[in-house]
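Chemist: Take a look at structure_36.cif, mmCIF, C-alpha atoms:
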data_my_file
loop_
_atom_site.label_atom_id
_atom_site.label_comp_id
_atom_site.auth_asym_id
_atom_site.auth_seq_id
_atom_site.Cartn_x
_atom_site.Cartn_y
_atom_site.Cartn_z
CA MET A 1 -83.31 134.13 31.26
CA LYS A 2 -81.66 132.29 28.41
CA GLU A 3 -82.54 133.31 24.85
CA TYR A 4 -82.98 129.85 23.40
CA SER A 5 -83.59 131.14 19.88
CA ASN A 6 -80.09 132.67 19.87
CA ILE A 7 -78.56 129.52 21.34
CA LYS A 8 -80.38 127.39 18.77
CA ALA A 9 -78.95 129.53 15.96
CA LEU A 10 -75.48 128.87 17.39
CA CYS A 11 -76.28 125.15 17.58
CA VAL A 12 -77.31 125.07 13.93
CA LYS A 13 -74.09 126.84 12.94
CA HIS A 14 -72.10 124.42 15.12
CA SER A 15 -73.80 121.48 13.38
CA GLN A 16 -72.87 122.85 9.97
CA LEU A 17 -69.25 123.31 11.04
CA CYS A 18 -69.30 119.84 12.56
CA GLU A 19 -70.37 118.39 9.23
CA ARG A 20 -67.63 120.17 7.32
CA ALA A 21 -64.76 119.91 9.77
CA ILE A 22 -65.54 116.63 11.53
CA ASP A 23 -67.69 114.46 9.26
CA ASN A 24 -65.99 115.42 6.01
CA PHE A 25 -62.41 115.84 7.23
CA LEU A 26 -61.47 114.83 10.78
CA MET A 27 -63.23 111.47 10.63
CA HIS A 28 -61.07 110.27 7.75
CA PHE A 29 -57.93 112.02 8.98
CA ILE A 30 -57.97 110.36 12.42
CA ALA A 31 -59.16 106.98 11.08
CA ALA A 32 -55.86 106.67 9.22
CA ARG A 33 -53.84 107.38 12.39
CA GLY A 34 -53.48 106.29 15.99
CA GLY A 35 -54.38 102.66 15.36
CA VAL A 36 -58.11 103.38 15.57
CA THR A 37 -58.99 101.33 12.48
CA LYS A 38 -57.42 98.20 14.00
CA LYS A 39 -59.40 98.75 17.21
CA ILE A 40 -62.63 99.06 15.20
CA GLU A 41 -61.83 95.83 13.34
CA LEU A 42 -61.14 94.03 16.64
CA ALA A 43 -64.46 95.22 18.05
CA GLU A 44 -66.30 94.15 14.91
CA ARG A 45 -64.87 90.62 15.20
CA LYS A 46 -65.47 90.38 18.94
CA TYR A 47 -69.07 91.56 18.81
CA LYS A 48 -70.17 90.27 15.42
CA HIS A 49 -72.89 88.15 17.09
CA ILE A 50 -74.48 91.39 18.38
CA ILE A 51 -73.76 93.58 15.34
CA ARG A 52 -75.52 91.23 12.92
CA GLU A 53 -78.72 91.48 14.99
CA MET A 54 -78.70 95.28 15.13
CA PRO A 55 -79.85 97.79 12.48
CA LYS A 56 -77.34 98.27 9.65
CA ALA A 57 -76.62 101.85 10.73
CA PHE A 58 -75.57 100.79 14.23
CA PHE A 59 -71.94 99.79 13.79
CA PRO A 60 -70.97 102.56 11.32
CA LYS A 61 -72.40 105.10 13.79
CA ALA A 62 -70.63 103.42 16.71
CA SER A 63 -67.35 103.43 14.78
CA ALA A 64 -67.72 107.12 13.86
CA GLU A 65 -68.41 107.99 17.48
CA PHE A 66 -65.38 105.97 18.58
CA ILE A 67 -63.09 107.83 16.15
CA ILE A 68 -64.28 111.30 17.07
CA GLY A 69 -64.32 110.49 20.77
CA LYS A 70 -60.67 109.45 20.51
CA ALA A 71 -59.85 112.64 18.59
CA LEU A 72 -61.60 115.24 20.75
CA MET A 73 -61.69 113.87 24.30
CA LYS A 74 -59.27 115.27 26.91
CA ASP A 75 -55.73 114.66 25.60
CA GLY A 76 -57.34 113.41 22.38
CA LEU A 77 -55.46 112.38 19.25
CA LEU A 78 -56.07 115.67 17.44
CA ASN A 79 -53.61 117.37 19.83
CA LYS A 80 -50.80 115.49 18.10
CA TYR A 81 -51.68 116.85 14.67
CA LEU A 82 -52.52 120.51 15.24
CA HIS A 83 -49.66 121.61 13.00
CA HIS A 84 -50.13 118.95 10.35
CA PRO A 85 -50.15 120.45 6.81
CA MET A 86 -53.57 118.92 6.05
CA LEU A 87 -55.14 120.80 8.96
CA ASN A 88 -53.50 124.02 7.83
CA GLN A 89 -55.18 123.62 4.45
CA LEU A 90 -58.65 123.80 5.99
CA PRO A 91 -60.61 127.08 5.80
CA LYS A 92 -59.72 129.29 8.76
CA GLU A 93 -63.21 129.00 10.28
CA GLU A 94 -62.93 125.21 10.38
CA GLN A 95 -59.41 125.38 11.85
CA GLU A 96 -60.66 127.66 14.61
CA TYR A 97 -63.64 125.39 15.18
CA LEU A 98 -61.40 122.34 15.74
CA LYS A 99 -59.07 124.28 18.05
CA PHE A 100 -62.08 125.38 20.10
CA GLN A 101 -63.24 121.76 20.42
CA LEU A 102 -59.87 120.83 21.94
CA SER A 103 -60.14 123.74 24.41
CA THR A 104 -63.46 122.28 25.66
CA PRO A 105 -62.88 118.50 25.42
CA TRP A 106 -65.76 116.27 24.42
CA ARG A 107 -67.18 114.00 27.10
CA TYR A 108 -69.07 110.77 27.48
CA VAL A 109 -72.10 110.96 29.74
CA PHE A 110 -74.50 108.53 31.32
CA GLY A 111 -77.28 110.99 32.00
CA ARG A 112 -80.95 111.52 32.69
CA ILE A 113 -83.19 114.39 31.68
CA VAL A 114 -84.18 116.50 34.70
CA GLU A 115 -85.79 119.41 32.83
CA ARG A 116 -86.94 120.37 29.33
CA PRO A 117 -86.65 124.19 29.16
CA GLU A 118 -87.37 124.48 25.42
CA ASP A 119 -88.06 122.23 22.43
CA GLU A 120 -84.92 120.19 21.63
CA PHE A 121 -83.13 121.54 24.74
CA PHE A 122 -82.60 119.46 27.86
CA ILE A 123 -81.04 119.79 31.28
CA MET A 124 -79.27 116.45 31.74
CA ARG A 125 -77.75 115.25 34.99
CA ASP A 126 -74.53 113.27 34.66
CA GLU A 127 -75.33 110.25 36.83
CA ILE A 128 -71.63 109.62 37.55
CA LEU A 129 -70.16 113.12 38.09
CA GLY A 130 -73.41 114.65 39.32
CA ASP A 131 -73.26 117.92 37.34
CA GLU A 132 -76.08 119.20 35.15
CA LEU A 133 -75.57 120.07 31.47
CA LEU A 134 -77.62 122.08 28.98
CA VAL A 135 -77.89 119.83 25.91
CA TYR A 136 -79.32 120.61 22.48
CA SER A 137 -80.38 117.50 20.59
CA PRO A 138 -83.16 116.95 18.05
CA GLY A 139 -82.31 113.23 18.35
CA ILE A 140 -83.14 113.15 22.07
CA GLU A 141 -86.39 115.03 21.27
CA VAL A 142 -87.41 112.21 18.92
CA ASN A 143 -86.54 109.58 21.54
CA CYS A 144 -88.61 111.40 24.16
CA LYS A 145 -91.62 111.30 21.85
CA ASN A 146 -91.04 107.55 21.52
CA GLY A 147 -91.18 106.91 25.27
CA HIS A 148 -87.64 107.64 26.47
CA GLU A 149 -88.12 110.85 28.45
CA HIS A 150 -87.20 109.05 31.69
CA SER A 151 -84.58 106.70 30.27
CA LEU A 152 -80.87 106.62 31.05
CA TYR A 153 -78.89 107.97 28.06
CA PHE A 154 -75.35 107.14 26.97
CA LEU A 155 -74.04 110.06 24.91
CA LEU A 156 -70.95 111.63 23.41
CA LEU A 157 -71.22 115.41 23.80
CA GLY A 158 -69.35 118.33 22.22
CA ASN A 159 -69.50 121.95 23.37
CA ASN A 160 -70.34 125.01 21.25
CA GLY A 161 -69.65 127.66 23.91
CA GLU A 162 -73.26 127.95 25.10
CA CYS A 163 -74.36 124.34 25.48
CA TRP A 164 -73.53 120.75 24.65
CA GLN A 165 -74.61 118.88 21.52
CA THR A 166 -74.87 115.16 20.85
CA PHE A 167 -72.75 113.35 18.30
CA GLY A 168 -73.21 109.83 16.95
CA LEU A 169 -75.48 107.32 18.64
CA ILE A 170 -78.38 108.51 20.80
CA ALA A 171 -78.50 105.61 23.23
CA PRO A 172 -81.43 105.55 25.70
CA PHE A 173 -81.98 102.50 27.90
CA LEU A 174 -85.55 101.72 28.88
CA SER A 175 -84.77 99.63 31.97
CA PHE A 176 -81.05 99.98 32.72
CA ASP A 177 -79.78 102.25 35.49
CA VAL A 178 -76.24 103.30 36.39
CA ASP A 179 -75.87 100.40 38.82
CA ASP A 180 -76.65 98.00 35.96
CA ILE A 181 -74.06 99.65 33.71
CA TYR A 182 -71.47 99.56 36.50
CA ILE A 183 -71.94 95.83 37.10
CA TYR A 184 -71.59 95.25 33.37
CA ALA A 185 -68.37 97.27 33.42
CA THR A 186 -66.90 95.10 36.19
CA GLU A 187 -67.57 92.01 34.08
CA VAL A 188 -65.89 93.48 30.98
CA PHE A 189 -63.01 95.37 32.61
CA THR A 190 -61.28 93.66 35.53
CA ASP A 191 -59.80 96.91 36.89
CA VAL A 192 -63.12 98.75 37.33
CA ASP A 193 -63.74 99.25 41.04
CA ASP A 194 -64.91 102.86 41.43
CA ASP A 195 -66.46 105.72 39.46
CA GLU A 196 -63.10 107.00 38.24
CA SER A 197 -61.95 103.65 36.84
CA PHE A 198 -65.44 103.08 35.42
CA MET A 199 -65.37 106.30 33.37
CA LYS A 200 -61.74 105.66 32.43
CA SER A 201 -62.87 102.38 30.86
CA VAL A 202 -65.56 104.23 28.86
CA TYR A 203 -63.01 106.61 27.35
CA ALA A 204 -60.49 103.84 26.75
CA ASN A 205 -62.92 101.54 24.93
CA PRO A 206 -66.58 102.55 24.54
CA PHE A 207 -67.41 99.62 22.20
CA PRO A 208 -68.64 97.32 25.01
CA TYR A 209 -70.98 100.11 26.11
CA PHE A 210 -72.22 100.65 22.56
CA MET A 211 -73.20 96.97 22.50
CA LEU A 212 -75.64 97.57 25.36
CA LEU A 213 -77.97 99.03 22.73
CA TYR A 214 -78.82 95.40 22.02
CA GLY A 215 -80.95 95.53 25.18
CA GLN A 216 -82.08 99.16 25.03
CA GLU A 217 -85.77 98.30 24.68
CA MET A 218 -85.90 95.48 27.21
CA PRO A 219 -88.58 96.43 29.75
CA LYS A 220 -88.21 96.26 33.49
CA VAL A 221 -89.25 92.87 34.84
CA MET A 222 -92.02 93.28 37.40
CA GLY A 223 -93.35 91.12 40.18
CA GLY A 224 -96.79 92.65 40.69
CA ASN A 225 -96.04 96.33 41.37
CA THR A 226 -92.42 95.65 42.37
CA VAL A 227 -89.40 95.97 40.08
CA LEU A 228 -87.42 92.73 40.22
CA LYS A 229 -83.66 93.08 40.57
CA HIS A 230 -80.89 90.93 41.98
CA HIS A 231 -79.90 92.50 45.34
CA VAL A 232 -76.61 91.08 46.62
CA ALA A 233 -74.28 91.57 49.58
CA GLU A 234 -71.44 89.43 50.85
CA GLN A 235 -68.97 89.73 53.70
CA GLU A 236 -66.67 87.65 55.84
CA THR A 237 -68.04 87.05 59.32
CA THR A 238 -66.91 85.35 62.49
CA ASP A 239 -69.80 86.33 64.77
CA LEU A 240 -72.42 83.97 63.37
CA GLU A 241 -74.03 81.75 66.01
CA THR A 242 -76.30 79.27 64.29
CA PHE A 243 -78.41 78.55 67.35
CA LYS A 244 -79.41 82.23 67.59
CA VAL A 245 -80.25 82.41 63.91
CA LYS A 246 -82.53 79.37 64.29
CA GLU A 247 -84.77 81.43 66.59
CA HIS A 248 -85.61 83.74 63.69
CA PHE A 249 -85.05 81.77 60.48
CA LYS A 250 -85.75 78.45 58.87
CA VAL A 251 -82.27 76.86 58.65
CA GLN A 252 -81.12 74.28 56.10
CA TRP A 253 -77.66 72.82 55.49
CA ASN A 254 -76.14 71.19 52.42
CA LYS A 255 -72.49 70.51 51.52
CA GLY A 256 -71.00 72.98 53.96
CA ILE A 257 -73.52 75.74 53.19
CA PHE A 258 -76.25 77.02 55.53
CA GLN A 259 -79.36 78.66 54.13
CA PHE A 260 -81.36 81.01 56.36
CA SER A 261 -84.82 81.89 55.07
CA LEU A 262 -88.14 83.37 56.16
CA ASP A 263 -91.32 81.76 54.89
CA GLU A 264 -93.01 85.07 54.11
CA TRP A 265 -90.00 86.41 52.17
CA ASN A 266 -88.51 83.32 50.51
CA ARG A 267 -91.24 83.16 47.90
CA SER A 268 -92.37 85.07 44.80
CA PRO A 269 -91.55 87.85 44.14
CA HIS A 270 -88.91 88.32 46.87
CA PHE A 271 -86.89 85.06 46.95
CA ALA A 272 -84.88 86.41 49.90
CA ALA A 273 -82.33 84.10 51.51
CA THR A 274 -79.00 84.29 53.33
CA TYR A 275 -76.23 81.75 52.88
CA PHE A 276 -73.29 81.05 55.16
CA ILE A 277 -70.40 79.20 53.52
CA GLU A 278 -68.56 77.56 56.43
CA LYS A 279 -65.21 76.96 54.76
CA GLU A 280 -64.86 80.62 53.76
CA ASN A 281 -66.66 82.24 56.72
CA LEU A 282 -68.65 84.02 54.01
CA LEU A 283 -72.13 85.46 54.53
CA PHE A 284 -74.04 85.93 51.26
CA ARG A 285 -77.35 87.80 51.21
CA TYR A 286 -79.67 87.73 48.22
CA ALA A 287 -83.16 88.93 47.30
CA MET A 288 -85.13 89.80 44.18
CA THR A 289 -86.77 92.86 45.79
CA GLN A 290 -85.49 95.75 47.89
CA GLU A 291 -88.30 95.12 50.37
CA GLY A 292 -87.32 91.46 50.79
CA PHE A 293 -83.64 92.30 51.19
CA LYS A 294 -84.34 94.83 53.95
CA ALA A 295 -86.76 92.57 55.80
CA MET A 296 -84.24 89.72 55.78
CA THR A 297 -81.39 92.01 56.85
CA ASN A 298 -83.39 93.42 59.76
CA LYS A 299 -84.03 89.87 60.98
CA LEU A 300 -80.33 89.03 60.74
CA CYS A 301 -79.56 92.05 62.92
CA LYS A 302 -82.13 90.87 65.47
CA ALA A 303 -80.38 87.50 65.43
CA GLY A 304 -77.17 89.21 66.56
CA LEU A 305 -75.29 89.56 63.28
CA THR A 306 -73.50 92.75 62.36
CA VAL A 307 -74.34 93.36 58.71
CA PRO A 308 -74.68 96.52 56.56
CA ILE A 309 -78.29 97.52 55.92
CA GLU A 310 -77.71 98.19 52.21
CA GLU A 311 -76.77 95.69 49.52
CA ASP A 312 -73.33 95.76 47.88
CA TYR A 313 -74.96 96.03 44.48
CA SER A 314 -78.15 95.44 42.57
CA VAL A 315 -78.61 94.54 38.93
CA GLY A 316 -81.77 94.25 36.85
CA LEU A 317 -82.93 91.07 35.15
CA SER A 318 -82.93 92.77 31.75
CA MET A 319 -79.28 93.77 32.20
CA VAL A 320 -78.28 90.22 33.18
CA ASN A 321 -80.06 88.89 30.10
CA THR A 322 -78.28 91.48 27.92
CA MET A 323 -74.90 90.80 29.51
CA ASN A 324 -75.24 87.08 28.96
CA ARG A 325 -75.94 87.67 25.28
CA ILE A 326 -73.12 90.18 24.73
CA LEU A 327 -70.48 88.33 26.75
CA LYS A 328 -71.64 84.88 25.63
CA HIS A 329 -71.78 83.33 29.08
CA ASP A 330 -74.36 82.79 31.81
CA LEU A 331 -73.67 85.10 34.73
CA SER A 332 -74.44 83.38 38.03
CA ILE A 333 -75.72 85.99 40.48
CA ASN A 334 -76.65 83.54 43.23
CA PRO A 335 -74.46 80.43 42.97
CA TYR A 336 -75.79 78.94 46.20
CA GLU A 337 -79.54 78.64 45.59
CA LYS A 338 -79.00 75.50 43.47
CA HIS A 339 -78.07 73.63 46.66
CA PHE A 340 -81.51 74.35 48.15
CA SER A 341 -83.98 73.73 45.34
CA ASP A 342 -86.63 71.81 47.25
CA SER A 343 -89.20 74.62 47.36
CA ASN A 344 -91.87 73.88 44.76
CA GLU A 345 -93.01 77.47 44.60
CA SER A 346 -89.46 78.76 44.16
CA ASN A 347 -88.74 76.23 41.42
CA ILE A 348 -91.85 77.11 39.48
CA SER A 349 -91.22 80.86 39.77
CA ASN A 350 -87.57 80.53 38.78
CA GLU A 351 -88.61 78.50 35.74
CA GLU A 352 -91.16 81.15 34.79
CA ARG A 353 -88.51 83.83 35.07
CA ASP A 354 -86.10 81.81 32.93
CA ARG A 355 -88.77 81.25 30.27
CA ILE A 356 -89.56 84.97 30.05
CA ASN A 357 -85.85 85.85 29.86
CA LYS A 358 -85.38 83.27 27.10
CA PHE A 359 -88.32 84.74 25.18
CA LEU A 360 -86.93 88.28 25.54
CA GLY A 361 -83.56 87.13 24.26
CA LEU A 362 -85.16 85.62 21.15
CA LEU A 363 -87.51 88.56 20.59
CA ILE A 364 -85.05 91.47 20.79
CA PRO A 365 -83.31 90.68 17.43
CA PHE A 366 -86.70 90.88 15.65
CA ILE A 367 -87.46 94.20 17.36
CA ASN A 368 -84.04 95.60 16.45
CA SER A 369 -84.28 94.56 12.79
CA GLY A 370 -87.92 95.55 12.33
CA ALA A 371 -88.83 92.00 11.29
CA HIS A 372 -92.05 90.34 12.48
CA PRO A 373 -91.54 87.28 14.71
CA ASP A 374 -93.68 84.17 14.72
CA LEU A 375 -95.02 84.65 18.25
CA VAL A 376 -96.78 81.29 18.27
CA GLN A 377 -93.52 79.51 17.53
CA LEU A 378 -91.42 81.61 19.91
CA ALA A 379 -93.93 81.31 22.75
CA SER A 380 -94.23 77.57 22.27
CA GLY A 381 -90.45 77.14 22.18
CA CYS A 382 -90.01 79.11 25.40
CA GLY A 383 -92.97 77.59 27.24
CA ILE A 384 -94.93 80.80 27.81
CA SER A 385 -98.52 81.54 26.85
CA LEU A 386 -99.32 83.24 23.54
CA LYS A 387 -101.17 85.99 25.42
CA GLU A 388 -98.11 86.73 27.54
CA ALA A 389 -95.90 86.70 24.44
CA GLN A 390 -98.22 89.14 22.65
CA GLU A 391 -98.26 91.52 25.63
CA ILE A 392 -94.46 91.59 25.85
CA TYR A 393 -94.12 92.05 22.10
CA GLN A 394 -96.62 94.91 21.94
CA THR A 395 -94.90 96.65 24.88
CA LEU A 396 -91.56 96.52 23.10
CA ARG A 397 -92.97 97.54 19.71
CA SER A 398 -94.79 100.54 21.16
CA LYS A 399 -91.63 101.83 22.83
CA TYR A 400 -89.11 101.00 20.10
CA SER A 401 -87.36 103.74 18.13
CA ASN A 402 -84.74 103.30 15.40
CA LEU A 403 -81.10 104.18 16.03
#
Using the file provided, produce a representation of the structure as structure tokens.
Modeler:
Amino acid sequence: MKEYSNIKALCVKHSQLCERAIDNFLMHFIAARGGVTKKIELAERKYKHIIREMPKAFFPKASAEFIIGKALMKDGLLNKYLHHPMLNQLPKEEQEYLKFQLSTPWRYVFGRIVERPEDEFFIMRDEILGDELLVYSPGIEVNCKNGHEHSLYFLLLGNNGECWQTFGLIAPFLSFDVDDIYIYATEVFTDVDDDESFMKSVYANPFPYFMLLYGQEMPKVMGGNTVLKHHVAEQETTDLETFKVKEHFKVQWNKGIFQFSLDEWNRSPHFAATYFIEKENLLFRYAMTQEGFKAMTNKLCKAGLTVPIEEDYSVGLSMVNTMNRILKHDLSINPYEKHFSDSNESNISNEERDRINKFLGLLIPFINSGAHPDLVQLASGCGISLKEAQEIYQTLRSKYSNL
């Protein structure tokens, strides 16, 4: 059985050494080398529209984390300067501390808490690599008390020989999951196509991932008791026989695109539909719920099509809203539904969804800054009821914690 009091004493000592050797020395030493300052300035210019809506402490903390991550990750910049005269002038204890940090490289983690063995100690599962880490963090403890015990965390961790400790931003996401983060990564980095390239992008440039804190408090969007997400799959196919599909689906055609739908599933909250793009022999499946996606896919199989049961990917509405704000463009998840917009119920529900997303986008900056929004004005401008606006605002306020 672990003696957590002894480990905590080591953690406190590690924190003190971290302050002396990293905060007071290494931060400034590395900032002047390796081109890191230029990279920080580029990030500040690129993401100024997000930074100005975040708390003042956000970007300095992000920049500090970037510098130390670059210094102490595997093959980090500090390796180049181990024999630099300035390092040799440090007290021996601090020199040994820095050498130990290089022997156990710091790591970025997208993780979830799976156990809380002691106050301020957590067993966190790395959602990408799958291993479990003992983490000491008073900052995570505070976030748990503010409603983030089950959130996905993005962390930079250093090792003290007994456990890991957090450094820099404590970044919990209320509604994002790893699939959401991965889809975001593929939009930012064109070469991300697997877990290895995904994590490589994090180490190469974590600033885009820091910016996701803009949407950290966005709640999951629900349709009744169902979490709404975009579920998508696409594949080339040559075995589609329209006459067989007609026996199971309502079929529409417009501008070279077939839409196959089921009355009970092509409505709120599911919005499930399959599209066949003739020119490309492309089959595109889409639904807003897992249940709707599976029901539609099972019907396609009965109609004689060979399609995978699972979607290629899913992404939450709150992530899409956050991505659109960070990347300054509107991401089109389903580019084909606009050709079949004659369903009154679908149109109304899509409009409702758009209005709520617009309201969330306007509200988040107030939440982040601690300012009080004019809910009457915001609700009126977005076309939602004041009651609905108040409920969303209170949900966010009750769960919000400062960086």
Chemist: Residues within 12 Å of range 300-313 of chain A, please, as a short mmCIF file (atom, residue, chain, number, x, y, z; two decimals) with C-alpha atoms, in the coordinates of the input. Count all atoms listed in the file; anything in the same chain fewer than 6 positions from it doesn't count.
Modeler:
data_model
loop_
_atom_site.label_atom_id
_atom_site.label_comp_id
_atom_site.auth_asym_id
_atom_site.auth_seq_id
_atom_site.Cartn_x
_atom_site.Cartn_y
_atom_site.Cartn_z
CA ASP A 177 -79.78 102.25 35.49
CA VAL A 178 -76.24 103.30 36.39
CA ASP A 179 -75.87 100.40 38.82
CA ASP A 180 -76.65 98.00 35.96
CA ILE A 181 -74.06 99.65 33.71
CA TYR A 182 -71.47 99.56 36.50
CA ILE A 183 -71.94 95.83 37.10
CA TYR A 184 -71.59 95.25 33.37
CA THR A 186 -66.90 95.10 36.19
CA LYS A 229 -83.66 93.08 40.57
CA HIS A 230 -80.89 90.93 41.98
CA HIS A 231 -79.90 92.50 45.34
CA VAL A 232 -76.61 91.08 46.62
CA ALA A 233 -74.28 91.57 49.58
CA GLU A 234 -71.44 89.43 50.85
CA GLN A 235 -68.97 89.73 53.70
CA GLU A 236 -66.67 87.65 55.84
CA THR A 237 -68.04 87.05 59.32
CA THR A 238 -66.91 85.35 62.49
CA ASP A 239 -69.80 86.33 64.77
CA LEU A 240 -72.42 83.97 63.37
CA GLU A 241 -74.03 81.75 66.01
CA THR A 242 -76.30 79.27 64.29
CA PHE A 243 -78.41 78.55 67.35
CA LYS A 244 -79.41 82.23 67.59
CA VAL A 245 -80.25 82.41 63.91
CA LYS A 246 -82.53 79.37 64.29
CA GLU A 247 -84.77 81.43 66.59
CA HIS A 248 -85.61 83.74 63.69
CA PHE A 249 -85.05 81.77 60.48
CA PHE A 260 -81.36 81.01 56.36
CA SER A 261 -84.82 81.89 55.07
CA LEU A 262 -88.14 83.37 56.16
CA ALA A 273 -82.33 84.10 51.51
CA THR A 274 -79.00 84.29 53.33
CA TYR A 275 -76.23 81.75 52.88
CA PHE A 276 -73.29 81.05 55.16
CA LEU A 282 -68.65 84.02 54.01
CA LEU A 283 -72.13 85.46 54.53
CA PHE A 284 -74.04 85.93 51.26
CA ARG A 285 -77.35 87.80 51.21
CA TYR A 286 -79.67 87.73 48.22
CA ALA A 287 -83.16 88.93 47.30
CA MET A 288 -85.13 89.80 44.18
CA THR A 289 -86.77 92.86 45.79
CA GLN A 290 -85.49 95.75 47.89
CA GLU A 291 -88.30 95.12 50.37
CA GLY A 292 -87.32 91.46 50.79
CA PHE A 293 -83.64 92.30 51.19
CA LYS A 294 -84.34 94.83 53.95
CA ILE A 333 -75.72 85.99 40.48
#
Chemist: Residues picked by the PyMOL selection byres ((chain A and resi 325) around 12) here, as a PyMOL selection string?
Modeler: chain A and resi 47-51+53+184+211-215+318-324+326-331+357-358+360-362+364-365
Chemist: My list of candidates is A:Ala71, A:Ile113, A:Gln259, A:Gly223. Which is closest to Asn143 in chain A when distances are computed with only C-alpha atoms?
Modeler: A:Ile113
Chemist: Do a neighbour search on Glu96 in chain A at 12 Å with all atoms listed in the file, toss out local chain neighbours closer than 2 positions, and write the hits as a list in words.
Modeler: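 Surrounding residues, per the criterion: His14, Leu17, Cys18, Ala21, Leu82, Leu87, Asn88, Leu90, Pro91, Lys92, Glu93, Glu94, Leu98, Lys99, Phe100, Gln101, Leu102 and Ser103 of chain A.
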Chemist: Restricting the output to C-alpha atoms, write the selected residues as a PDB file, in the frame of the given file.
Modeler:
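Dumped everything to selection_25.pdb:
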ATOM      1  CA  HIS A  14     -72.100 124.420  15.120  1.00  0.00           C
ATOM      2  CA  LEU A  17     -69.250 123.310  11.040  1.00  0.00           C
ATOM      3  CA  CYS A  18     -69.300 119.840  12.560  1.00  0.00           C
ATOM      4  CA  ALA A  21     -64.760 119.910   9.770  1.00  0.00           C
ATOM      5  CA  LEU A  82     -52.520 120.510  15.240  1.00  0.00           C
ATOM      6  CA  LEU A  87     -55.140 120.800   8.960  1.00  0.00           C
ATOM      7  CA  ASN A  88     -53.500 124.020   7.830  1.00  0.00           C
ATOM      8  CA  LEU A  90     -58.650 123.800   5.990  1.00  0.00           C
ATOM      9  CA  PRO A  91     -60.610 127.080   5.800  1.00  0.00           C
ATOM     10  CA  LYS A  92     -59.720 129.290   8.760  1.00  0.00           C
ATOM     11  CA  GLU A  93     -63.210 129.000  10.280  1.00  0.00           C
ATOM     12  CA  GLU A  94     -62.930 125.210  10.380  1.00  0.00           C
ATOM     13  CA  LEU A  98     -61.400 122.340  15.740  1.00  0.00           C
ATOM     14  CA  LYS A  99     -59.070 124.280  18.050  1.00  0.00           C
ATOM     15  CA  PHE A 100     -62.080 125.380  20.100  1.00  0.00           C
ATOM     16  CA  GLN A 101     -63.240 121.760  20.420  1.00  0.00           C
ATOM     17  CA  LEU A 102     -59.870 120.830  21.940  1.00  0.00           C
ATOM     18  CA  SER A 103     -60.140 123.740  24.410  1.00  0.00           C
TER      19      SER A 103
END
Chemist: Leaving out range 168-171 of chain A and any residue of its chain fewer than 4 positions from it, which residues lie within 9 Å of it when counting all atoms listed in the file, given as a ChimeraX atom specification?
Modeler: /A:58,61-66,139-140,143,152-156,210,212-213,216,403
Chemist: Set the distance at 8 Å and use only C-alpha atoms: which residues neighbour Glu278 in chain A once local chain neighbours fewer than 4 positions away are removed? I'd like the list as a list of chain:residue names.
Modeler: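 Listing them by chain and then by number gives A:Gly256, A:Ile257, A:Phe258, A:Leu282.
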